[in-house]
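Trainee: One structure follows; several queries about it will come next.
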Amino acid sequence: MRQIVLRRLALAASLTALLALGTSAVAQFGKHSAEEKINVSSYPANIQSNYKVFANKCSECHGLASSLKQSRSPEGWTAEVRRMQAMASSHINDSEAGEILKFLAYDESHRKAASREAISANTGNAPEVAGRQMFESYGCSSCHSVAGVGNTSSALDGIGSKRTAEELKRLIVSPPSGSTMPPMSVPDKDLENLVAYLLTLKNR
């Protein structure tokens with residue numbers, strides 16, 4: 001009888017440990033939401049193949065939306081993929097990391113660049129309006145939120161009352177050492193529009 005009780009206690013402890021591990025994984029990567037996909041049918045065949053590796057490997061730990069929204073320089077993407085690859089839960093080898101980087105670099109210089117060019121081409125947009133669209137195009141909402149929309153762990157509400165235009169520019173293109181925000185490679189016109197939008201985010 002005592003052995004049966006001990007077995008049940010051991011089983012309960014194991015289940016508790018498994019539940020704790022699952023909770024930890026969710027806390028680290030967030031809930032595995034529906035994967036976001038893009039149409040890569042117009043991409044070169046080798047890039048379409050690279051996309052499949054990206055979609056399969058990166059979706060193991062998180063949805064694809066954050067990676068597809070974010071905008072980074074080639075160096076920035078390299079650092080990010082290497083960081084992910086170094087995680088204990090990663091199953092990405094060096095060859096796969098290279099394929100993922102090729103897709104991200106191509107997608108950055110084509111799909112994402114075309115989106116920003118379309119925003120800039122609309123000369124009827126006021127700078128702050130274009131800046132708000134650039135905010136989404138550069139994937140800023142992956143790490144930041146405004147009025148509760150986006151990643152609420154780093155809200156930008158009121159930032160326009162706390163920082164000057166020059167300070168905001170420096171924070172975007174050259175964040176302080178140790179900051180979790182990567183340096184952004186942003187053309188001057190896009191930067192001006194982004195800052196014009198951020199300056200509208202005043203304390204009420």
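Order determines the names: the first chain of the structure tokens is A, the second B, and so forth; residues in each chain are numbered 1 upward, and ligands are numbered 1 upward as they are shown.
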Show which residues sit within 9 Å of Tyr51 (chain A), as a list in words. Count only C-alpha atoms, and ignore same-chain residues fewer than 2 positions away.
Mentor: Val40, Asn46, Ile47, Gln48, Ser49, Val53, Phe54, Ala55, Asn56, Glu99, Ile100, Lys102, Phe103 and Leu104 of chain A
Trainee: Excluding region 124-131 of chain A and residues on its chain fewer than 2 positions from it, collect all residues at most 12 Å away from it, counting only C-alpha atoms, and give them as a tab-separated table (two decimals) with N, CA and C atoms, in the first residue's frame.
Mentor:
chain	number	residue	atom	x	y	z
A	115	SER	N	7.58	47.94	-49.73
A	115	SER	CA	6.54	48.49	-48.86
A	115	SER	C	6.90	49.91	-48.43
A	116	ARG	N	8.15	50.13	-48.04
A	116	ARG	CA	8.57	51.45	-47.59
A	116	ARG	C	8.64	52.45	-48.74
A	117	GLU	N	9.03	51.97	-49.92
A	117	GLU	CA	9.07	52.85	-51.09
A	117	GLU	C	7.67	53.33	-51.44
A	118	ALA	N	6.68	52.45	-51.29
A	118	ALA	CA	5.29	52.83	-51.58
A	118	ALA	C	4.81	53.89	-50.61
A	119	ILE	N	5.21	53.79	-49.35
A	119	ILE	CA	4.83	54.80	-48.36
A	119	ILE	C	5.47	56.15	-48.71
A	120	SER	N	6.76	56.12	-49.05
A	120	SER	CA	7.47	57.35	-49.37
A	120	SER	C	6.94	58.00	-50.65
A	121	ALA	N	6.48	57.17	-51.58
A	121	ALA	CA	6.01	57.69	-52.86
A	121	ALA	C	4.70	58.46	-52.72
A	122	ASN	N	3.96	58.21	-51.64
A	122	ASN	CA	2.70	58.91	-51.42
A	122	ASN	C	3.00	60.27	-50.80
A	133	GLN	N	3.00	54.78	-40.62
A	133	GLN	CA	3.03	53.64	-41.53
A	133	GLN	C	4.42	53.00	-41.53
A	134	MET	N	5.46	53.84	-41.45
A	134	MET	CA	6.83	53.32	-41.38
A	134	MET	C	7.03	52.52	-40.09
A	135	PHE	N	6.40	52.96	-39.02
A	135	PHE	CA	6.49	52.28	-37.73
A	135	PHE	C	6.06	50.82	-37.89
A	136	GLU	N	5.00	50.60	-38.65
A	136	GLU	CA	4.53	49.24	-38.90
A	136	GLU	C	5.42	48.53	-39.92
A	137	SER	N	5.83	49.27	-40.96
A	137	SER	CA	6.64	48.66	-42.02
A	137	SER	C	7.99	48.17	-41.50
A	138	TYR	N	8.57	48.91	-40.59
A	138	TYR	CA	9.85	48.50	-40.01
A	138	TYR	C	9.69	47.49	-38.88
A	140	CYS	N	8.32	47.88	-35.91
A	140	CYS	CA	8.57	48.42	-34.57
A	140	CYS	C	7.60	47.84	-33.53
A	189	LYS	N	15.13	59.95	-44.91
A	189	LYS	CA	13.73	60.36	-45.07
A	189	LYS	C	12.82	59.52	-44.18
A	190	ASP	N	13.05	58.22	-44.15
A	190	ASP	CA	12.25	57.34	-43.30
A	190	ASP	C	12.46	57.69	-41.83
A	191	LEU	N	13.70	58.01	-41.48
A	191	LEU	CA	14.01	58.36	-40.09
A	191	LEU	C	13.28	59.63	-39.68
A	192	GLU	N	13.28	60.62	-40.57
A	192	GLU	CA	12.57	61.88	-40.27
A	192	GLU	C	11.09	61.62	-40.05
A	193	ASN	N	10.50	60.77	-40.88
A	193	ASN	CA	9.07	60.47	-40.74
A	193	ASN	C	8.78	59.70	-39.46
A	194	LEU	N	9.63	58.71	-39.15
A	194	LEU	CA	9.45	57.94	-37.92
A	194	LEU	C	9.49	58.85	-36.69
A	195	VAL	N	10.47	59.75	-36.67
A	195	VAL	CA	10.62	60.66	-35.53
A	195	VAL	C	9.44	61.62	-35.45
A	196	ALA	N	8.97	62.09	-36.61
A	196	ALA	CA	7.80	62.99	-36.63
A	196	ALA	C	6.60	62.30	-35.99
A	197	TYR	N	6.44	61.01	-36.27
A	197	TYR	CA	5.33	60.26	-35.66
A	197	TYR	C	5.55	60.08	-34.16
A	198	LEU	N	6.74	59.69	-33.75
A	198	LEU	CA	7.02	59.46	-32.34
A	198	LEU	C	6.83	60.72	-31.51
A	199	LEU	N	7.12	61.88	-32.10
A	199	LEU	CA	6.95	63.14	-31.38
A	199	LEU	C	5.48	63.49	-31.14
A	200	THR	N	4.58	62.83	-31.87
A	200	THR	CA	3.15	63.07	-31.62
A	200	THR	C	2.65	62.30	-30.41
A	201	LEU	N	3.45	61.36	-29.91
A	201	LEU	CA	3.04	60.51	-28.78
A	201	LEU	C	3.33	61.25	-27.48
Trainee: Quick check, in Å to one decimal: how far apart do CA of Glu108 (chain A) and CA of Pro74 (chain A) lie?
Mentor: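 We find that CA of Glu108 (chain A) and CA of Pro74 (chain A) lie 8.8 Å from each other.
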Trainee: What's the 12 Å shell around Met181 (chain A), counting only C-alpha atoms, without same-chain residues fewer than 5 positions away, as a tab-separated table (two decimals) with C-alpha atoms, in the first residue's frame?
Mentor:
chain	number	residue	atom	x	y	z
A	70	GLN	CA	10.93	43.08	-38.17
A	71	SER	CA	13.42	44.99	-40.28
A	72	ARG	CA	17.18	44.64	-39.76
A	76	GLY	CA	21.51	42.58	-37.49
A	80	GLU	CA	19.68	37.50	-34.37
A	140	CYS	CA	8.57	48.42	-34.57
A	142	SER	CA	7.17	43.62	-32.67
A	143	CYS	CA	9.06	45.14	-29.73
A	144	HIS	CA	7.02	48.24	-28.85
A	154	SER	CA	8.00	48.23	-24.11
A	170	ARG	CA	20.15	58.45	-31.99
A	171	LEU	CA	18.10	55.83	-30.15
A	172	ILE	CA	16.88	54.39	-33.46
A	173	VAL	CA	20.14	54.25	-35.42
A	174	SER	CA	22.59	53.86	-32.53
A	175	PRO	CA	21.01	52.52	-29.31
A	176	PRO	CA	23.12	52.56	-26.13
Trainee: Measuring atom to atom with only C-alpha atoms, identify which of A:Ala155, A:Met84, A:Pro44, A:Glu166 is nearest to Glu60 (chain A).
Mentor: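 Using only C-alpha atoms, the shortest distance to Glu60 (chain A) belongs to A:Met84.
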Trainee: To one decimal place, how far is CA of Ala105 (chain A) from CA of Ser145 (chain A) in Å?
Mentor: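 Atom-to-atom, CA of Ala105 (chain A) and CA of Ser145 (chain A) are spaced 25.5 Å apart.
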Trainee: From the DSSP assignment of the backbone, select every residue of region 72-123 of chain A that is alpha helix (DSSP H), and format the answer as a ChimeraX atom specification.
Mentor: /A:74-85,94-107,113-121
Trainee: Rounded to one decimal place, report the CA of Leu68 (chain A)-CA of Lys37 (chain A) distance in Å.
Mentor: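 Interatomic distance here is 8.2 Å.
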Trainee: If we count only C-alpha atoms, what is near Gln85 (chain A) at a cut-off of 10 Å, once residues fewer than 5 positions away on the same chain are taken out, given as a ChimeraX atom specification?
Mentor: /A:58,79-80,90-94,96-97
Trainee: Now that the selection is made, can you save its residues with C-alpha atoms as an mmCIF file, in the first residue's frame?
Mentor:
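New file part_21.cif:
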data_model
loop_
_atom_site.group_PDB
_atom_site.id
_atom_site.type_symbol
_atom_site.label_atom_id
_atom_site.label_comp_id
_atom_site.auth_asym_id
_atom_site.auth_seq_id
_atom_site.Cartn_x
_atom_site.Cartn_y
_atom_site.Cartn_z
ATOM 1 C CA CYS A 58 11.682 29.263 -36.815
ATOM 2 C CA ALA A 79 23.342 38.391 -34.963
ATOM 3 C CA GLU A 80 19.679 37.500 -34.373
ATOM 4 C CA SER A 90 17.210 25.350 -31.115
ATOM 5 C CA HIS A 91 17.521 22.642 -33.737
ATOM 6 C CA ILE A 92 19.213 24.826 -36.360
ATOM 7 C CA ASN A 93 22.551 23.746 -37.792
ATOM 8 C CA ASP A 94 25.018 26.047 -39.553
ATOM 9 C CA GLU A 96 20.162 25.862 -42.085
ATOM 10 C CA ALA A 97 21.171 29.126 -40.400
#
